[in-house]
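Structure record follows, encoded as structure tokens.
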2 protein chains.
Amino acid sequence: MGQVFAVIMAGGRGERLWPLSTPSRPKQFLPLLSGKSFLQATAERVTSLVGKDALFVVVPQEYKELVAQELSLPREQILVEPEGRNTAPALGLAGLILFARDPKAVMITLPSDHLVTKTEEFQKVLGVAVEVAQKGEHLVTLGIKPDRPATGYGYIRYAELFAEVQGLPVYQVERFVEKPDRAKAEAFLEEGCYLWNSGIFVWRVDTFMHGLSQHMPELYAGLLELREHWGKPSWEEALARVYSRLPAISIDYGLMEKAQNVLVIPADIGWSDVGDWSAMASLFPQDESGNAVCAKHVGIDTENCVIYAENPGRLVATLGLRDLIIVETKEALLILRRDRAQEVRKILERLRKLS
Amino acid sequence: MGQVFAVIMAGGRGERLWPLSTPSRPKQFLPLLSGKSFLQATAERVTSLVGKDALFVVVPQEYKELVAQELSLPREQILVEPEGRNTAPALGLAGLILFARDPKAVMITLPSDHLVTKTEEFQKVLGVAVEVAQKGEHLVTLGIKPDRPATGYGYIRYAELFAEVQGLPVYQVERFVEKPDRAKAEAFLEEGCYLWNSGIFVWRVDTFMHGLSQHMPELYAGLLELREHWGKPSWEEALARVYSRLPAISIDYGLMEKAQNVLVIPADIGWSDVGDWSAMASLFPQDESGNAVCAKHVGIDTENCVIYAENPGRLVATLGLRDLIIVETKEALLILRRDRAQEVRKILERLRKLS
């Protein structure tokens with residue numbers, strides 16, 4: 001039985017949490033209420049399962065130092081992307097390097113900036129995923145049971161039961177669905193055989209590489225080319241050259257949506273991608289008027305607002321407000337309607353145009 | 001003909017402009033776009049008429065130094081209130097001291113924190129007021145022609161024409177009206193013989209003191225008692241003792257509303273009391289979406305908002321907002337609905353309870 005490795009992808013930019021998340025300190029490096037960053041919490045959750053020696057982080061050059069500091073990880077366990085090209089090349093790179101160690105190794109891959117509150121459940125369901133993946137036949141993913149018709153997540157429609165392992169059902173995946181609109185999301189919820197795509201995948205490295213060879217031949221060819229340079233002085237130069245030609249697409253789109261051998265395990269692990277300020281607010285203390293507040297807040301007739309100040313002693317006074325998000329950091333003051341939390345990126349686009 | 005003096009009342013707290021206006025630096029000391037403070041601009045406007053030697057400022061102890069710095073005024077022209085007791089005692093004190101110089105002196109009294117954009121018009125109408133007041137028969141006031149049914153100002157209903165002086169009509173006052181509700185204010189505008197109470201009064205000192213003796217006997221008695229100590233070593237002690245007993249009411253309520261010998265001159269002087277953030281906003285540059293902005297603002301779907309940052313280079317990003325006031329200073333971040341701008345004081349009351 002091959003070793004189990006964990007590969008954390010730490011290249012996200014967390015733009016929807018601007019201005020707290022910024023290019024120089026994106027979401028995965030922000031502290032949670034525990035004081036640990038998203039990345040540290042993710043690493044802890046998974047290393048207790050695989051051991052610290054088996055932890056790899058794929059990260060763009062600019063965050064390499066941050067990762068090294070936060071995780072005190074040996075340099076060889078930090079895989080640096082020469083440039084950000086989405087998750088398929090990043091995971092291909094990790095797959096290549098693990099394949100060189102042991103083709104039958106199991107690789108758990110997960111985003112660095114999600115929240116999981118039920119650690120024990122998480123470790124249990126991940127254990128099941130590893131057990132299933134170890135057979136080398138399937139790409140396995142964790143699916144989150146939806147509790148609302150969210151439009152910010154991708155969905156997975158599952159088909160018949162494939163197996164029951166340690167009391168947990170493992171389903172065959174019928175298809176992956178891109179982020180739906182509200183009506184579709186509601187229909188999914190009603191239908192009942194849909195799960196949210198958690199972005200947590202488990203596979204044997206050879207199964208993964210085989211999948212790439214089938215569905216992403218261009219990426220696979222690039223990886224084969226790179227393989228010749230692994231462990232040689234020519235590696236850095238080859239990586240930079242080859243990587244820039246790899247298709248910049250997500251592993252979901254490039255592989256998971258196309259592969260026929262995908263299994264999903266419903267996971268009740270207290271998961272959130274904390275993908276926008278409205279989601280972030282669920283981590284804040286709530287007051288009696290439904291406001292989620294991280295600040296010294298004096299509110300009159302203020303309901304269902306999210307109020308965050310980088311300096312927690314900062315005085316924020318509000319009057320006559322409803323359903324707003326208010327965020328104050330050194331970088332900027334942001335105020336927007338709560339139902340438009342997903343549109344923060346539009347502001348960043350505008351800012352890029354201005355600068 | 002007696003000398004003309006100007007008495008500026010600089011005791012306001014400007015609470016409705018919090019958090020820009022604070023107890024340690026209230027509105028009258030804030031800079032206008034010209035760079036001069038409200039107080040400096042007021043002083044300039046009136047000293048060009050009466051001369052700097054004839055300028056007095058009545059101010060609470062805590063702002064004495066600020067006034068001295070801003071106006072480089074000799075100490076004897078700064079009259080210090082031992083405690084804030086509204087405008088009647090403050091003006092009584094000024095009246096007493098000017099009376100000792102010359103009972104037939106004319107006293108112009110005006111708030112320190114209003115805006116007047118038409119300086120020439122202001123000086124002309126004030127000249128007329130002085131000319132009328134010099135006869136010693138009337139208390140004269142400037143009334144602002146209303147251009148909207150404002151509910152934040154007191155109104156003056158005028159009766160028949162008393163005289164025309166230098167081409168300007170001077171009316172007899174029928175009555176002063178406290179801040180009306182919206183319906184009343186609209187009725188006033190329709191009726192057409194109403195003016196806003198500017199808080200600018202002109203009278204001969206003896207006429208004023210006579211008015212106090214008639215309508216505010218308690219205040220008048222206190223002033224008579226104080227008079228014995230004027231210019232003597234016992235002054236400070238006597239002032240502190242007597243002042244604390246004087247009725248803490250406004251000159252409008254104590255004298256102007258009761259006196260029968262009040263005249264009003266309609267004044268088209270570009271006046272505003274800049275009494276809340278919505279009024280303050282009229283001094284800011286307007287963008288094409290009707291936002292009044294003093295900040296580096298990036299707005300998406302943002303209309304009719306007031307956006308002020310103490311640091312003008314501060315980035316403020318907004319999305320999906322309408323009719324809000326957003327104010328960021330070192331003291332606090334304030335966000336409220338524009339139609340509730342008058343209620344900022346409620347926040348301060350809440351803060352006082354908390355501290």
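Please note that chains go A, B, ... in the order of the structure tokens, that every chain numbers its residues from 1, and that ligands are numbered from 1 in the order shown.
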
Chain B on chain A, least-squares, complete ordered Cα pairing, as a short mmCIF file (atom, residue, chain, number, x, y, z; two decimals) with C-alpha atoms, in the first residue's frame:
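The resulting file, result21.cif, is reproduced below:
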```cif
data_model
loop_
_atom_site.label_atom_id
_atom_site.label_comp_id
_atom_site.auth_asym_id
_atom_site.auth_seq_id
_atom_site.Cartn_x
_atom_site.Cartn_y
_atom_site.Cartn_z
CA MET B 1 -0.02 -0.04 -0.01
CA GLY B 2 1.41 3.34 -1.09
CA GLN B 3 2.10 6.27 1.23
CA VAL B 4 -0.56 8.92 1.62
CA PHE B 5 0.35 12.49 0.75
CA ALA B 6 -1.57 15.73 1.17
CA VAL B 7 -1.22 18.54 -1.34
CA ILE B 8 -2.57 21.91 -0.30
CA MET B 9 -3.23 24.44 -3.04
CA ALA B 10 -2.32 27.88 -1.69
CA GLY B 11 -2.52 29.99 -4.82
CA GLY B 12 -5.93 31.57 -4.25
CA ARG B 13 -6.27 35.32 -4.33
CA GLY B 14 -9.41 35.56 -2.21
CA GLU B 15 -10.58 38.63 -4.08
CA ARG B 16 -14.12 38.47 -2.76
CA LEU B 17 -12.76 39.13 0.74
CA TRP B 18 -11.02 42.33 -0.30
CA PRO B 19 -9.96 44.63 1.33
CA LEU B 20 -9.06 42.24 4.15
CA SER B 21 -7.69 39.77 1.68
CA THR B 22 -5.17 41.56 -0.54
CA PRO B 23 -2.64 40.50 -3.16
CA SER B 24 0.14 40.74 -0.59
CA ARG B 25 -1.79 38.76 2.01
CA PRO B 26 -4.63 36.78 0.46
CA LYS B 27 -7.31 34.93 2.33
CA GLN B 28 -5.36 31.72 3.09
CA PHE B 29 -2.92 33.73 5.20
CA LEU B 30 -5.56 35.57 7.19
CA PRO B 31 -6.06 34.55 10.80
CA LEU B 32 -9.26 32.83 11.85
CA LEU B 33 -10.72 33.56 15.27
CA SER B 34 -8.46 30.80 16.65
CA GLY B 35 -5.45 32.93 15.71
CA LYS B 36 -4.30 30.34 13.17
CA SER B 37 -4.51 31.21 9.51
CA PHE B 38 -6.78 29.32 7.13
CA LEU B 39 -3.65 27.68 5.72
CA GLN B 40 -2.32 26.65 9.12
CA ALA B 41 -5.69 25.23 10.12
CA THR B 42 -5.93 23.29 6.85
CA ALA B 43 -2.41 21.93 7.28
CA GLU B 44 -3.08 20.86 10.85
CA ARG B 45 -6.28 19.12 9.92
CA VAL B 46 -4.60 17.01 7.31
CA THR B 47 -1.15 16.40 8.78
CA SER B 48 -2.68 14.71 11.79
CA LEU B 49 -3.80 12.16 9.20
CA VAL B 50 -0.77 11.88 6.89
CA GLY B 51 2.14 13.21 8.96
CA LYS B 52 4.08 16.38 8.36
CA ASP B 53 6.63 14.73 6.07
CA ALA B 54 3.85 13.90 3.65
CA LEU B 55 2.53 17.47 3.38
CA PHE B 56 3.11 19.43 0.18
CA VAL B 57 1.99 22.90 -0.66
CA VAL B 58 1.68 24.22 -4.21
CA VAL B 59 2.07 27.95 -4.22
CA PRO B 60 2.95 30.84 -6.56
CA GLN B 61 6.40 32.35 -6.20
CA GLU B 62 5.13 35.44 -4.36
CA TYR B 63 3.68 33.45 -1.45
CA LYS B 64 6.51 30.95 -1.05
CA GLU B 65 8.05 32.78 1.89
CA LEU B 66 4.70 33.23 3.63
CA VAL B 67 4.03 29.49 3.39
CA ALA B 68 7.50 28.61 4.63
CA GLN B 69 7.03 30.90 7.64
CA GLU B 70 3.52 29.81 8.48
CA LEU B 71 4.08 26.07 8.21
CA SER B 72 7.86 25.82 8.88
CA LEU B 73 7.96 23.38 6.02
CA PRO B 74 11.20 22.16 4.37
CA ARG B 75 11.76 23.81 1.00
CA GLU B 76 11.39 20.55 -0.92
CA GLN B 77 7.81 20.25 0.31
CA ILE B 78 6.90 23.64 -1.14
CA LEU B 79 6.19 23.34 -4.86
CA VAL B 80 6.48 26.72 -6.51
CA GLU B 81 4.38 27.51 -9.56
CA PRO B 82 6.42 29.73 -11.89
CA GLU B 83 3.15 31.54 -12.58
CA GLY B 84 -0.49 31.12 -11.59
CA ARG B 85 -2.20 28.91 -14.18
CA ASN B 86 -5.21 27.62 -12.22
CA THR B 87 -5.41 24.26 -10.44
CA ALA B 88 -4.88 21.70 -13.23
CA PRO B 89 -1.22 22.56 -13.91
CA ALA B 90 -0.59 23.01 -10.17
CA LEU B 91 -1.93 19.55 -9.36
CA GLY B 92 -0.25 18.08 -12.43
CA LEU B 93 3.06 19.35 -11.07
CA ALA B 94 2.35 17.85 -7.65
CA GLY B 95 1.25 14.58 -9.29
CA LEU B 96 4.45 14.42 -11.33
CA ILE B 97 6.67 14.83 -8.29
CA LEU B 98 4.74 12.31 -6.17
CA PHE B 99 4.67 9.88 -9.09
CA ALA B 100 8.47 9.98 -9.12
CA ARG B 101 8.42 8.88 -5.47
CA ASP B 102 5.76 6.23 -5.71
CA PRO B 103 3.19 5.78 -8.51
CA LYS B 104 0.90 3.99 -6.09
CA ALA B 105 0.96 6.78 -3.50
CA VAL B 106 -2.39 8.28 -2.59
CA MET B 107 -2.70 12.03 -3.00
CA ILE B 108 -5.21 14.07 -1.05
CA THR B 109 -5.57 17.50 -2.52
CA LEU B 110 -7.40 20.36 -0.90
CA PRO B 111 -7.80 24.14 -0.98
CA SER B 112 -5.91 26.13 1.65
CA ASP B 113 -8.63 28.66 2.42
CA HIS B 114 -11.74 26.77 3.39
CA LEU B 115 -13.25 26.27 6.79
CA VAL B 116 -13.98 22.86 8.34
CA THR B 117 -15.44 22.90 11.80
CA LYS B 118 -15.98 19.16 12.35
CA THR B 119 -12.41 17.90 12.33
CA GLU B 120 -13.18 14.37 13.45
CA GLU B 121 -15.84 13.90 10.79
CA PHE B 122 -13.46 15.36 8.25
CA GLN B 123 -10.73 12.91 9.13
CA LYS B 124 -13.12 9.97 9.11
CA VAL B 125 -14.55 10.72 5.69
CA LEU B 126 -11.09 11.45 4.33
CA GLY B 127 -9.97 8.06 5.67
CA VAL B 128 -12.78 6.42 3.73
CA ALA B 129 -11.84 8.37 0.60
CA VAL B 130 -8.22 7.21 0.95
CA GLU B 131 -9.34 3.60 1.42
CA VAL B 132 -11.43 3.74 -1.76
CA ALA B 133 -8.82 5.65 -3.78
CA GLN B 134 -6.09 3.18 -2.81
CA LYS B 135 -7.67 0.54 -5.06
CA GLY B 136 -6.48 2.68 -7.99
CA GLU B 137 -9.72 2.65 -9.92
CA HIS B 138 -11.41 5.93 -9.02
CA LEU B 139 -10.99 9.63 -8.54
CA VAL B 140 -12.71 10.32 -5.21
CA THR B 141 -14.14 13.58 -3.98
CA LEU B 142 -15.94 14.84 -0.91
CA GLY B 143 -19.36 16.38 -1.50
CA ILE B 144 -21.02 18.73 0.96
CA LYS B 145 -24.71 18.24 1.70
CA PRO B 146 -26.32 21.58 0.75
CA ASP B 147 -28.41 23.33 3.42
CA ARG B 148 -29.53 26.19 1.13
CA PRO B 149 -29.78 26.93 -2.59
CA ALA B 150 -26.32 28.49 -2.79
CA THR B 151 -25.37 30.00 -6.13
CA GLY B 152 -21.71 30.48 -5.26
CA TYR B 153 -20.73 26.78 -5.36
CA GLY B 154 -20.41 24.12 -8.04
CA TYR B 155 -22.65 21.08 -7.54
CA ILE B 156 -22.14 17.33 -8.01
CA ARG B 157 -25.05 15.12 -9.03
CA TYR B 158 -24.58 11.61 -7.77
CA ALA B 159 -26.06 8.38 -9.16
CA GLU B 160 -26.28 4.90 -7.60
CA LEU B 161 -24.50 3.75 -4.48
CA PHE B 162 -21.10 2.32 -5.28
CA ALA B 163 -20.21 0.98 -1.85
CA GLU B 164 -20.61 1.54 1.83
CA VAL B 165 -17.27 1.91 3.63
CA GLN B 166 -16.98 2.21 7.43
CA GLY B 167 -20.69 2.98 7.46
CA LEU B 168 -20.41 5.85 4.96
CA PRO B 169 -22.06 5.70 1.53
CA VAL B 170 -19.89 6.18 -1.54
CA TYR B 171 -21.74 7.20 -4.69
CA GLN B 172 -20.93 7.20 -8.35
CA VAL B 173 -20.84 10.70 -9.77
CA GLU B 174 -23.25 11.39 -12.60
CA ARG B 175 -21.96 14.84 -13.38
CA PHE B 176 -20.38 18.03 -12.14
CA VAL B 177 -22.48 21.19 -12.50
CA GLU B 178 -21.09 24.73 -12.68
CA LYS B 179 -22.38 27.40 -10.26
CA PRO B 180 -26.14 27.48 -10.94
CA ASP B 181 -28.54 30.38 -10.84
CA ARG B 182 -31.00 30.65 -7.98
CA ALA B 183 -33.83 28.73 -9.69
CA LYS B 184 -31.56 25.84 -10.66
CA ALA B 185 -30.05 25.72 -7.19
CA GLU B 186 -33.52 25.46 -5.68
CA ALA B 187 -34.40 22.66 -8.08
CA PHE B 188 -31.20 20.82 -7.09
CA LEU B 189 -32.10 21.05 -3.44
CA GLU B 190 -35.58 19.72 -4.09
CA GLU B 191 -34.30 16.85 -6.21
CA GLY B 192 -32.01 15.84 -3.39
CA CYS B 193 -29.18 13.99 -5.13
CA TYR B 194 -26.90 17.02 -5.37
CA LEU B 195 -23.88 17.87 -3.25
CA TRP B 196 -21.61 20.93 -3.22
CA ASN B 197 -18.22 20.51 -4.81
CA SER B 198 -15.77 20.91 -1.92
CA GLY B 199 -12.64 20.99 -4.05
CA ILE B 200 -11.23 18.18 -1.92
CA PHE B 201 -10.06 15.30 -4.12
CA VAL B 202 -8.39 11.97 -3.30
CA TRP B 203 -6.78 9.66 -5.84
CA ARG B 204 -3.88 7.34 -6.38
CA VAL B 205 -1.19 9.23 -8.27
CA ASP B 206 -1.13 6.75 -11.15
CA THR B 207 -4.93 6.94 -11.48
CA PHE B 208 -4.69 10.72 -11.57
CA MET B 209 -1.92 10.75 -14.17
CA HIS B 210 -3.85 8.29 -16.26
CA GLY B 211 -6.88 10.58 -16.04
CA LEU B 212 -4.78 13.51 -17.23
CA SER B 213 -3.42 11.46 -20.15
CA GLN B 214 -7.01 10.70 -21.19
CA HIS B 215 -8.68 14.06 -20.66
CA MET B 216 -5.89 16.63 -20.63
CA PRO B 217 -3.35 15.30 -23.13
CA GLU B 218 -1.72 18.69 -23.56
CA LEU B 219 -1.07 19.01 -19.84
CA TYR B 220 0.05 15.41 -19.68
CA ALA B 221 2.54 15.92 -22.52
CA GLY B 222 3.96 18.92 -20.71
CA LEU B 223 4.37 16.87 -17.54
CA LEU B 224 6.15 14.10 -19.47
CA GLU B 225 8.54 16.69 -20.84
CA LEU B 226 9.16 18.06 -17.37
CA ARG B 227 9.74 14.59 -15.98
CA GLU B 228 13.05 14.38 -17.87
CA HIS B 229 14.37 17.31 -15.84
CA TRP B 230 13.20 16.29 -12.36
CA GLY B 231 16.12 16.26 -9.90
CA LYS B 232 18.47 17.79 -12.48
CA PRO B 233 20.04 21.27 -12.65
CA SER B 234 17.89 22.00 -15.68
CA TRP B 235 14.65 21.69 -13.64
CA GLU B 236 14.01 25.33 -12.83
CA GLU B 237 14.54 26.51 -16.35
CA ALA B 238 12.48 23.69 -17.84
CA LEU B 239 9.65 24.26 -15.35
CA ALA B 240 9.42 27.95 -16.17
CA ARG B 241 9.47 27.24 -19.90
CA VAL B 242 7.01 24.34 -19.94
CA TYR B 243 4.64 25.69 -17.28
CA SER B 244 3.90 28.84 -19.23
CA ARG B 245 2.52 26.68 -22.04
CA LEU B 246 0.26 24.48 -19.90
CA PRO B 247 -3.50 25.03 -20.24
CA ALA B 248 -4.61 27.46 -17.52
CA ILE B 249 -7.80 25.70 -16.44
CA SER B 250 -9.16 24.19 -13.27
CA ILE B 251 -8.89 20.51 -12.41
CA ASP B 252 -12.68 20.47 -12.06
CA TYR B 253 -13.20 21.61 -15.62
CA GLY B 254 -10.21 19.80 -17.15
CA LEU B 255 -10.51 16.42 -15.46
CA MET B 256 -13.31 15.88 -12.94
CA GLU B 257 -16.17 16.92 -15.21
CA LYS B 258 -14.91 14.65 -17.97
CA ALA B 259 -13.75 11.54 -16.13
CA GLN B 260 -16.21 8.64 -15.89
CA ASN B 261 -14.60 7.01 -12.85
CA VAL B 262 -15.45 9.61 -10.18
CA LEU B 263 -16.91 8.71 -6.79
CA VAL B 264 -18.29 11.10 -4.22
CA ILE B 265 -18.68 10.71 -0.47
CA PRO B 266 -21.26 12.93 1.22
CA ALA B 267 -19.41 14.75 3.96
CA ASP B 268 -20.99 16.45 6.94
CA ILE B 269 -17.87 18.26 8.09
CA GLY B 270 -19.00 21.81 8.94
CA TRP B 271 -17.59 23.07 5.67
CA SER B 272 -17.61 26.56 4.23
CA ASP B 273 -15.45 28.08 1.54
CA VAL B 274 -15.83 31.43 3.34
CA GLY B 275 -16.01 32.74 -0.16
CA ASP B 276 -17.41 36.19 0.43
CA TRP B 277 -18.10 38.68 3.21
CA SER B 278 -21.52 37.28 3.84
CA ALA B 279 -20.00 33.84 4.48
CA MET B 280 -17.16 35.39 6.48
CA ALA B 281 -19.79 36.98 8.70
CA SER B 282 -20.89 33.59 9.98
CA LEU B 283 -17.59 33.49 11.87
CA PHE B 284 -18.33 36.77 13.69
CA PRO B 285 -20.27 37.26 16.92
CA GLN B 286 -23.93 38.07 16.26
CA ASP B 287 -25.81 40.80 18.10
CA GLU B 288 -29.51 40.80 18.95
CA SER B 289 -30.39 42.64 15.72
CA GLY B 290 -28.83 40.02 13.49
CA ASN B 291 -25.67 42.02 12.87
CA ALA B 292 -22.39 40.11 12.59
CA VAL B 293 -19.86 42.38 14.21
CA CYS B 294 -16.10 42.54 14.62
CA ALA B 295 -15.67 46.12 15.83
CA LYS B 296 -16.77 48.42 18.64
CA HIS B 297 -20.21 48.96 17.19
CA VAL B 298 -22.88 51.44 18.21
CA GLY B 299 -25.94 50.77 16.09
CA ILE B 300 -29.32 52.49 16.05
CA ASP B 301 -31.99 50.87 13.86
CA THR B 302 -29.32 48.69 12.29
CA GLU B 303 -30.23 45.16 11.23
CA ASN B 304 -28.66 42.21 9.47
CA CYS B 305 -25.43 44.03 8.68
CA VAL B 306 -21.88 42.71 8.59
CA ILE B 307 -19.51 45.10 10.32
CA TYR B 308 -15.82 44.38 10.33
CA ALA B 309 -12.94 46.61 11.34
CA GLU B 310 -9.37 45.40 11.07
CA ASN B 311 -8.73 47.15 14.38
CA PRO B 312 -11.24 45.46 16.70
CA GLY B 313 -11.35 48.48 19.03
CA ARG B 314 -12.42 50.76 16.18
CA LEU B 315 -15.66 52.68 16.79
CA VAL B 316 -18.22 52.11 14.05
CA ALA B 317 -21.53 53.96 14.42
CA THR B 318 -24.52 53.17 12.23
CA LEU B 319 -28.06 54.50 12.00
CA GLY B 320 -30.97 53.30 9.87
CA LEU B 321 -29.08 50.58 8.01
CA ARG B 322 -30.16 47.17 6.80
CA ASP B 323 -28.45 44.34 4.91
CA LEU B 324 -25.13 46.08 4.36
CA ILE B 325 -21.56 44.88 4.55
CA ILE B 326 -19.11 47.37 6.04
CA VAL B 327 -15.41 46.53 6.05
CA GLU B 328 -12.67 48.85 7.17
CA THR B 329 -9.00 47.97 6.78
CA LYS B 330 -5.77 49.87 6.24
CA GLU B 331 -6.17 49.15 2.54
CA ALA B 332 -9.65 50.59 2.09
CA LEU B 333 -13.15 51.17 3.36
CA LEU B 334 -15.68 48.94 1.61
CA ILE B 335 -19.44 49.27 1.87
CA LEU B 336 -21.85 47.24 -0.19
CA ARG B 337 -25.24 45.59 -0.16
CA ARG B 338 -25.15 42.16 1.39
CA ASP B 339 -26.98 40.49 -1.48
CA ARG B 340 -24.22 41.66 -3.79
CA ALA B 341 -21.31 40.31 -1.73
CA GLN B 342 -20.19 38.21 -4.69
CA GLU B 343 -19.53 41.34 -6.72
CA VAL B 344 -16.56 42.65 -4.76
CA ARG B 345 -14.39 41.56 -7.69
CA LYS B 346 -16.04 44.22 -9.84
CA ILE B 347 -14.51 46.83 -7.57
CA LEU B 348 -11.08 45.26 -7.96
CA GLU B 349 -11.50 45.22 -11.74
CA ARG B 350 -12.38 48.90 -11.61
CA LEU B 351 -9.34 49.61 -9.43
CA ARG B 352 -7.04 47.78 -11.83
CA LYS B 353 -8.37 49.87 -14.69
CA LEU B 354 -7.74 53.05 -12.72
CA SER B 355 -4.17 52.21 -11.76
#
```

DSSP on the backbone: which residues in range 177-280 of chain B end up as helix (DSSP H, G or I)? Give the answer as a PDB file with C-alpha atoms, in the first residue's frame.
```
ATOM      1  CA  ARG B 182     -42.484  68.847   7.308  1.00  0.00           C
ATOM      2  CA  ALA B 183     -46.163  69.715   6.751  1.00  0.00           C
ATOM      3  CA  LYS B 184     -45.881  73.008   8.624  1.00  0.00           C
ATOM      4  CA  ALA B 185     -42.676  73.896   6.797  1.00  0.00           C
ATOM      5  CA  GLU B 186     -44.420  73.333   3.472  1.00  0.00           C
ATOM      6  CA  ALA B 187     -47.313  75.514   4.561  1.00  0.00           C
ATOM      7  CA  PHE B 188     -44.860  78.270   5.559  1.00  0.00           C
ATOM      8  CA  LEU B 189     -43.242  78.167   2.152  1.00  0.00           C
ATOM      9  CA  GLU B 190     -46.591  78.399   0.428  1.00  0.00           C
ATOM     10  CA  GLU B 191     -47.741  81.284   2.600  1.00  0.00           C
ATOM     11  CA  VAL B 205     -26.546  97.577  23.669  1.00  0.00           C
ATOM     12  CA  ASP B 206     -28.953  99.670  25.745  1.00  0.00           C
ATOM     13  CA  THR B 207     -31.915  98.399  23.706  1.00  0.00           C
ATOM     14  CA  PHE B 208     -30.730  94.847  24.276  1.00  0.00           C
ATOM     15  CA  MET B 209     -30.248  95.330  28.020  1.00  0.00           C
ATOM     16  CA  HIS B 210     -33.645  96.928  28.252  1.00  0.00           C
ATOM     17  CA  GLY B 211     -35.119  93.915  26.453  1.00  0.00           C
ATOM     18  CA  LEU B 212     -33.451  91.587  28.947  1.00  0.00           C
ATOM     19  CA  SER B 213     -34.802  93.627  31.877  1.00  0.00           C
ATOM     20  CA  GLN B 214     -38.306  93.247  30.439  1.00  0.00           C
ATOM     21  CA  HIS B 215     -38.280  89.627  29.318  1.00  0.00           C
ATOM     22  CA  PRO B 217     -35.474  89.681  34.631  1.00  0.00           C
ATOM     23  CA  GLU B 218     -33.573  86.851  36.275  1.00  0.00           C
ATOM     24  CA  LEU B 219     -30.742  87.105  33.775  1.00  0.00           C
ATOM     25  CA  TYR B 220     -30.825  90.873  33.991  1.00  0.00           C
ATOM     26  CA  ALA B 221     -30.558  90.783  37.793  1.00  0.00           C
ATOM     27  CA  GLY B 222     -27.559  88.501  37.520  1.00  0.00           C
ATOM     28  CA  LEU B 223     -25.902  90.897  35.081  1.00  0.00           C
ATOM     29  CA  LEU B 224     -26.532  93.842  37.419  1.00  0.00           C
ATOM     30  CA  GLU B 225     -24.863  91.895  40.205  1.00  0.00           C
ATOM     31  CA  LEU B 226     -21.907  91.114  37.977  1.00  0.00           C
ATOM     32  CA  ARG B 227     -21.606  94.732  36.902  1.00  0.00           C
ATOM     33  CA  TRP B 235     -14.540  89.556  38.722  1.00  0.00           C
ATOM     34  CA  GLU B 236     -13.500  85.976  38.035  1.00  0.00           C
ATOM     35  CA  GLU B 237     -14.918  84.641  41.245  1.00  0.00           C
ATOM     36  CA  ALA B 238     -18.143  86.614  40.895  1.00  0.00           C
ATOM     37  CA  LEU B 239     -18.573  85.535  37.270  1.00  0.00           C
ATOM     38  CA  ALA B 240     -18.206  81.861  38.117  1.00  0.00           C
ATOM     39  CA  ARG B 241     -20.631  82.179  41.018  1.00  0.00           C
ATOM     40  CA  VAL B 242     -23.295  84.254  39.277  1.00  0.00           C
ATOM     41  CA  TYR B 243     -23.066  82.579  35.872  1.00  0.00           C
ATOM     42  CA  ILE B 251     -31.608  84.245  23.309  1.00  0.00           C
ATOM     43  CA  ASP B 252     -34.222  83.259  20.712  1.00  0.00           C
ATOM     44  CA  TYR B 253     -36.449  81.671  23.310  1.00  0.00           C
ATOM     45  CA  GLY B 254     -35.671  84.071  26.166  1.00  0.00           C
ATOM     46  CA  LEU B 255     -35.816  87.389  24.338  1.00  0.00           C
ATOM     47  CA  MET B 256     -36.519  87.380  20.592  1.00  0.00           C
ATOM     48  CA  TRP B 277     -23.845  65.901   7.104  1.00  0.00           C
ATOM     49  CA  SER B 278     -26.394  66.353   4.390  1.00  0.00           C
ATOM     50  CA  ALA B 279     -25.848  70.124   4.493  1.00  0.00           C
ATOM     51  CA  MET B 280     -22.080  69.643   4.788  1.00  0.00           C
TER      52      MET B 280
END
```

Strand (DSSP E) per DSSP on the backbone: members of range 75-152 of chain B, as a PyMOL selection string: chain B and resi 78-81+106-111+115-116+139-144

Could the residues in this selection be written to a file with C-alpha atoms, as a short mmCIF file (atom, residue, chain, number, x, y, z; two decimals), in the first residue's frame?
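This went into selection30.cif:
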```cif
data_model
loop_
_atom_site.label_atom_id
_atom_site.label_comp_id
_atom_site.auth_asym_id
_atom_site.auth_seq_id
_atom_site.Cartn_x
_atom_site.Cartn_y
_atom_site.Cartn_z
CA ILE B 78 -12.15 86.80 24.34
CA LEU B 79 -15.02 86.51 26.81
CA VAL B 80 -14.86 83.20 28.60
CA GLU B 81 -18.05 81.55 29.80
CA VAL B 106 -24.25 98.73 18.38
CA MET B 107 -23.68 95.02 18.86
CA ILE B 108 -23.78 92.57 15.99
CA THR B 109 -23.98 89.04 17.25
CA LEU B 110 -23.55 85.97 15.13
CA PRO B 111 -22.83 82.24 15.31
CA LEU B 115 -21.56 79.47 6.07
CA VAL B 116 -22.12 82.68 4.09
CA LEU B 139 -33.88 94.44 17.95
CA VAL B 140 -32.94 93.64 14.34
CA THR B 141 -32.33 90.25 12.81
CA LEU B 142 -31.45 88.86 9.41
CA GLY B 143 -33.92 86.38 7.95
CA ILE B 144 -32.99 83.92 5.22
#
```
